[in-house]
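Trainee: For reference, the structure I am asking about is given below.
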Amino acid sequence: MKKVVVLGAGVVGLTTALKIQQTGLYDVQIIAGLFPSDPKNIKYCSQWAGARFVSTEKIGSEQAEIDWATFQEMWKMSEPGGIAEECFLRMTQRHYFTEKLPSYSPLQRMPGFREIPRAELPTGVKATHGVEFQTFTIEPARYLPWLAKKFQQAGGAMVRKHVQHIDEVTKLGPHAVIVCLGLGARFLGGVEDKSVFPSRGQNVILRAPWIRDGSSFIDPHSNPRLGTDVVPRKSGEVLIGGTQEEPKPRPETTREMLRRSLALCPQLVPPDKRSRNPPDVKDILPIVVEEACGHRPVREGGPRIELDSRKATPVIYNYGHGGDGYIKSIGSANIVLKLLASV
Ligand SMILES: Cc1cc2nc3c(=O)[nH]c(=O)nc-3n(C[C@H](O)[C@H](O)[C@H](O)COP(=O)(O)OP(=O)(O)OC[C@H]3O[C@@H](n4cnc5c(N)ncnc54)[C@H](O)[C@@H]3O)c2cc1C
């Protein structure tokens with residue numbers, strides 16, 4: 001069998017490696033500095049994600065098709081009795097806006113899509129429009145180890161190594177090298193893609209197992225533009241997200257995020273503590289599990305999914321997925337498969 005090396009063990013590297021392995025044509029090895037079993041690390045974005053499936057790409061674009069391919073596979077994986085059911089929470093998602101949803105929005109093809117009548121809009125935020133649909137969230141602490149285990153059980157090898165230069169790997173003579181390093185693509189010798197940069201996202205994790213629906217509101221009048229996201233997970237954790245720039249968790253940002261999330265979703269207050277109207281941030285501080293910051297691997301011009309055949313060993317890139325690495329993981333891996341088949 002032809003040997004293929006995948007660099008990186010985030011959601012993109014693990015998914016890409018598994019897909020290549022599943023063709024039965026290649027002997028796949030993953031080389032990475034960090035793996036799912038490691039404690040949370042700022043250099044490993046996949047551990048910090050929400051992560052939910054809400055695509056914002058324009059219908060008809062290549063990126064929208066990548067997202068849709070991922071959705072269709074993950075929707076099956078997440079069904080009752082599905083192969084990875086425990087990693088996903090299927091849920092109703094409500095998205096609130098101050099403008100009508102554009103006609104090119106991919107949300108319209110989600111199952112159960114409907115426009116929310118004005119009378120049903122939440123009172124705590126200044127939304128004038130809303131839509132509802134079925135989707136799922138992915139629990140990183142379950143899904144990443146699930147991918148790694150599946151890969152290893154099928155005979156895949158995982159090697160822990162920080163690679164300084166891509167030639168360290170190409171000189172081993174594999175059939176191809178697949179670069180799935182997220183932000184690491186900026187620093188790896190021989191790649192050094194300076195258009196990749198971190199977008200820092202702060203989040204707060206609550207233990208609120210009574211919340212089973214997701215909600216989001218983007219306030220166009222705030223500066224910087226702030227989103228408020230309530231992202232429930234299968235385990236009963238609820239991630240409050242929506243910032244794009246804080247370098248490390250700040251208490252005042254946490255309080256502000258919690259204030260906005262309460263306005264959007266007052267049900268975050270534990271059922272036995274709902275005496276105050278309106279609810280106060282104090283009511284939910286006791287259920288805070290964690291405050292955290294992750295660095296999304298954004299790339300100017302969008303993700304890089306392409307073949308570089310200038311070297312003696314073909315190199316295929318799959319990185320720069322920004323805030324959408326989970327959404328794009330399966331669809332982008334499918335493109336890598338086609339590129340690999342061409343070399
Ligand atoms: C707060 C937050 C919320 C998010 N929410 C969502 C969401 O709802 N939906 C969604 O789809 N996405 C979401 N994301 C984005 C998503 O997490 C990322 O797009 C995704 O994790 C990127 O995965 P990756 O595999 O490309 O990179 P990473 O997960 O960063 O993995 C990089 C891998 O490369 C390895 N590596 C790097 N450099 C080297 C080197 N030189 N040598 C060896 N190994 C190296 C690392 O050790 C690691 O194994 C969110 C992100 C954040 C921070």
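Letters A, B, ... mark the chains of the structure tokens in the order given; residue numbers begin at 1 per chain; ligand numbers begin at 1, in order shown.
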Leaving out range 169-181 of chain A and any residue of its chain fewer than 4 positions from it, which residues lie within 6 Å of it when counting only C-alpha atoms, given as a compact mmCIF listing (two decimals) with N, CA, C and O atoms, in the first residue's frame?
Mentor:
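For reference, part.txt as written:
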# COMPACT_ATOMS: atom_id res chain seq x y z
N LYS A 2 0.39 2.28 -0.65
CA LYS A 2 1.15 3.54 -0.70
C LYS A 2 1.06 4.24 0.65
O LYS A 2 -0.02 4.33 1.23
N LYS A 3 2.21 4.79 1.09
CA LYS A 3 2.22 5.45 2.39
C LYS A 3 1.86 6.94 2.26
O LYS A 3 2.42 7.65 1.42
N VAL A 4 0.92 7.39 3.09
CA VAL A 4 0.54 8.81 3.11
C VAL A 4 0.73 9.33 4.53
O VAL A 4 0.32 8.69 5.50
N VAL A 5 1.38 10.48 4.65
CA VAL A 5 1.56 11.11 5.97
C VAL A 5 0.63 12.32 6.07
O VAL A 5 0.63 13.19 5.20
N VAL A 6 -0.17 12.36 7.13
CA VAL A 6 -1.02 13.51 7.42
C VAL A 6 -0.38 14.28 8.56
O VAL A 6 -0.12 13.71 9.63
N LEU A 7 -0.11 15.55 8.34
CA LEU A 7 0.46 16.39 9.41
C LEU A 7 -0.68 17.10 10.12
O LEU A 7 -1.43 17.86 9.50
N GLY A 8 -0.81 16.88 11.44
CA GLY A 8 -1.84 17.56 12.23
C GLY A 8 -2.93 16.59 12.68
O GLY A 8 -3.37 15.74 11.89
N GLY A 13 -7.22 17.27 10.43
CA GLY A 13 -6.23 16.20 10.19
C GLY A 13 -6.81 14.82 10.47
O GLY A 13 -6.65 13.90 9.66
N ALA A 185 0.40 26.11 9.95
CA ALA A 185 0.81 26.32 8.56
C ALA A 185 1.54 27.65 8.40
O ALA A 185 2.29 27.85 7.45
N THR A 313 7.87 14.94 -3.78
CA THR A 313 6.72 14.31 -3.11
C THR A 313 5.53 15.26 -3.17
O THR A 313 5.63 16.40 -2.71
N PRO A 314 4.40 14.83 -3.71
CA PRO A 314 3.23 15.72 -3.77
C PRO A 314 2.78 16.11 -2.35
O PRO A 314 2.76 15.29 -1.45
N VAL A 315 2.44 17.40 -2.21
CA VAL A 315 1.94 17.90 -0.94
C VAL A 315 0.53 18.44 -1.18
O VAL A 315 0.30 19.18 -2.13
N ILE A 316 -0.40 18.03 -0.32
CA ILE A 316 -1.78 18.53 -0.43
C ILE A 316 -2.08 19.32 0.84
O ILE A 316 -1.81 18.86 1.95
N TYR A 317 -2.63 20.52 0.67
CA TYR A 317 -2.92 21.39 1.82
C TYR A 317 -4.41 21.33 2.16
O TYR A 317 -5.26 21.32 1.26
N ASN A 318 -4.69 21.33 3.44
CA ASN A 318 -6.08 21.41 3.91
C ASN A 318 -6.06 22.14 5.26
O ASN A 318 -6.03 21.52 6.32
N TYR A 319 -6.04 23.46 5.19
CA TYR A 319 -5.98 24.24 6.43
C TYR A 319 -6.58 25.63 6.21
O TYR A 319 -6.90 26.02 5.09
Trainee: Could you tell me, as a list in words, which residues of range 68-107 of chain A DSSP assigns to helix (DSSP H, G or I) when given the backbone?
Mentor: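 Filtering range 68-107 of chain A to helix (DSSP H, G or I) leaves Trp68, Ala69, Thr70, Phe71, Gln72, Glu73, Met74, Trp75, Lys76, Met77, Glu85, Glu86, Cys87, Pro106 and Leu107 of chain A.
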Trainee: Considering only C-alpha atoms and all ligand atoms, tabulate each residue of chain A that lies at most 6 Å from ligand 1 along with its nearest interatomic pair and the corresponding distance in Å to one decimal; arrange the rows by chain and ascending residue number and present them as a Markdown table.
Mentor:
| residue | atom | partner | partner_atom_place_in_ligand_line | distance |
| --- | --- | --- | --- | --- |
| A:Gly8 | CA | ligand 1 | 34 (O) | 3.4 |
| A:Ala9 | CA | ligand 1 | 49 (O) | 3.6 |
| A:Gly10 | CA | ligand 1 | 25 (O) | 3.2 |
| A:Val11 | CA | ligand 1 | 25 (O) | 4.3 |
| A:Val12 | CA | ligand 1 | 25 (O) | 3.8 |
| A:Gly13 | CA | ligand 1 | 25 (O) | 5.2 |
| A:Ala32 | CA | ligand 1 | 44 (N) | 3.5 |
| A:Gly33 | CA | ligand 1 | 47 (O) | 3.8 |
| A:Leu34 | CA | ligand 1 | 47 (O) | 3.6 |
| A:Phe35 | CA | ligand 1 | 49 (O) | 5.5 |
| A:Lys43 | CA | ligand 1 | 30 (O) | 5.8 |
| A:Tyr44 | CA | ligand 1 | 30 (O) | 3.8 |
| A:Cys45 | CA | ligand 1 | 30 (O) | 3.8 |
| A:Ser46 | CA | ligand 1 | 21 (O) | 3.0 |
| A:Trp48 | CA | ligand 1 | 53 (C) | 5.1 |
| A:Ala49 | CA | ligand 1 | 4 (C) | 3.5 |
| A:Gly50 | CA | ligand 1 | 5 (N) | 4.0 |
| A:Ala51 | CA | ligand 1 | 8 (O) | 3.3 |
| A:Arg52 | CA | ligand 1 | 8 (O) | 3.9 |
| A:Phe53 | CA | ligand 1 | 9 (N) | 5.8 |
| A:Lys161 | CA | ligand 1 | 43 (C) | 5.6 |
| A:His162 | CA | ligand 1 | 42 (N) | 3.7 |
| A:Val163 | CA | ligand 1 | 42 (N) | 3.8 |
| A:Gln164 | CA | ligand 1 | 41 (N) | 5.5 |
| A:Cys180 | CA | ligand 1 | 26 (O) | 5.7 |
| A:Leu181 | CA | ligand 1 | 34 (O) | 3.7 |
| A:Gly182 | CA | ligand 1 | 26 (O) | 3.6 |
| A:Gly184 | CA | ligand 1 | 38 (N) | 3.6 |
| A:Leu188 | CA | ligand 1 | 41 (N) | 5.2 |
| A:Gly201 | CA | ligand 1 | 1 (C) | 4.5 |
| A:Gln202 | CA | ligand 1 | 1 (C) | 5.7 |
| A:Asn203 | CA | ligand 1 | 1 (C) | 5.7 |
| A:Gly294 | CA | ligand 1 | 53 (C) | 3.7 |
| A:His295 | CA | ligand 1 | 53 (C) | 4.9 |
| A:Arg296 | CA | ligand 1 | 53 (C) | 4.8 |
| A:Tyr319 | CA | ligand 1 | 26 (O) | 5.2 |
| A:His321 | CA | ligand 1 | 19 (O) | 4.8 |
| A:Gly322 | CA | ligand 1 | 19 (O) | 4.5 |
| A:Gly323 | CA | ligand 1 | 15 (C) | 3.6 |
| A:Asp324 | CA | ligand 1 | 11 (O) | 3.3 |
| A:Gly325 | CA | ligand 1 | 19 (O) | 3.1 |
| A:Tyr326 | CA | ligand 1 | 11 (O) | 3.4 |
| A:Ile327 | CA | ligand 1 | 11 (O) | 3.9 |
Trainee: Residues of range 227-277 of chain A classed as strand (DSSP E) by DSSP on the backbone are to be reported as a PyMOL selection string.
Mentor: chain A and resi 227-232+237-241
Trainee: Those same residues - N, CA, C and O atoms - I'd like them written as a PDB file, in the first residue's frame.
Mentor:
ATOM      1  N   GLY A 227     -21.571  38.820  18.467  1.00  0.00           N
ATOM      2  CA  GLY A 227     -22.588  37.791  18.354  1.00  0.00           C
ATOM      3  C   GLY A 227     -22.798  37.188  19.733  1.00  0.00           C
ATOM      4  O   GLY A 227     -21.889  37.219  20.568  1.00  0.00           O
ATOM      5  N   THR A 228     -23.977  36.676  19.970  1.00  0.00           N
ATOM      6  CA  THR A 228     -24.224  35.938  21.205  1.00  0.00           C
ATOM      7  C   THR A 228     -24.716  34.557  20.803  1.00  0.00           C
ATOM      8  O   THR A 228     -25.694  34.442  20.064  1.00  0.00           O
ATOM      9  N   ASP A 229     -24.004  33.534  21.247  1.00  0.00           N
ATOM     10  CA  ASP A 229     -24.351  32.175  20.861  1.00  0.00           C
ATOM     11  C   ASP A 229     -24.554  31.319  22.095  1.00  0.00           C
ATOM     12  O   ASP A 229     -23.697  31.306  22.991  1.00  0.00           O
ATOM     13  N   VAL A 230     -25.654  30.613  22.126  1.00  0.00           N
ATOM     14  CA  VAL A 230     -25.919  29.645  23.193  1.00  0.00           C
ATOM     15  C   VAL A 230     -25.869  28.267  22.522  1.00  0.00           C
ATOM     16  O   VAL A 230     -26.693  27.961  21.665  1.00  0.00           O
ATOM     17  N   VAL A 231     -24.843  27.485  22.897  1.00  0.00           N
ATOM     18  CA  VAL A 231     -24.571  26.232  22.184  1.00  0.00           C
ATOM     19  C   VAL A 231     -24.631  25.050  23.165  1.00  0.00           C
ATOM     20  O   VAL A 231     -23.656  24.774  23.865  1.00  0.00           O
ATOM     21  N   PRO A 232     -25.768  24.357  23.239  1.00  0.00           N
ATOM     22  CA  PRO A 232     -25.849  23.222  24.163  1.00  0.00           C
ATOM     23  C   PRO A 232     -25.113  22.001  23.621  1.00  0.00           C
ATOM     24  O   PRO A 232     -25.025  21.821  22.406  1.00  0.00           O
ATOM     25  N   GLU A 237     -23.278  20.350  29.069  1.00  0.00           N
ATOM     26  CA  GLU A 237     -22.590  21.644  29.077  1.00  0.00           C
ATOM     27  C   GLU A 237     -23.257  22.561  28.051  1.00  0.00           C
ATOM     28  O   GLU A 237     -23.806  22.097  27.050  1.00  0.00           O
ATOM     29  N   VAL A 238     -23.169  23.869  28.323  1.00  0.00           N
ATOM     30  CA  VAL A 238     -23.663  24.853  27.346  1.00  0.00           C
ATOM     31  C   VAL A 238     -22.563  25.876  27.137  1.00  0.00           C
ATOM     32  O   VAL A 238     -22.084  26.499  28.096  1.00  0.00           O
ATOM     33  N   LEU A 239     -22.125  26.019  25.899  1.00  0.00           N
ATOM     34  CA  LEU A 239     -21.072  26.990  25.600  1.00  0.00           C
ATOM     35  C   LEU A 239     -21.707  28.322  25.220  1.00  0.00           C
ATOM     36  O   LEU A 239     -22.596  28.373  24.379  1.00  0.00           O
ATOM     37  N   ILE A 240     -21.258  29.375  25.903  1.00  0.00           N
ATOM     38  CA  ILE A 240     -21.679  30.730  25.552  1.00  0.00           C
ATOM     39  C   ILE A 240     -20.525  31.319  24.764  1.00  0.00           C
ATOM     40  O   ILE A 240     -19.402  31.435  25.288  1.00  0.00           O
ATOM     41  N   GLY A 241     -20.754  31.653  23.505  1.00  0.00           N
ATOM     42  CA  GLY A 241     -19.657  32.148  22.673  1.00  0.00           C
ATOM     43  C   GLY A 241     -20.047  33.413  21.963  1.00  0.00           C
ATOM     44  O   GLY A 241     -21.114  33.981  22.208  1.00  0.00           O
TER      45      GLY A 241
END
Trainee: Quick one: pull the distance between CA of Met1 in chain A and CA of Thr23 in chain A, Å, one decimal.
Mentor: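 Between CA of Met1 in chain A and CA of Thr23 in chain A the gap is 11.2 Å.
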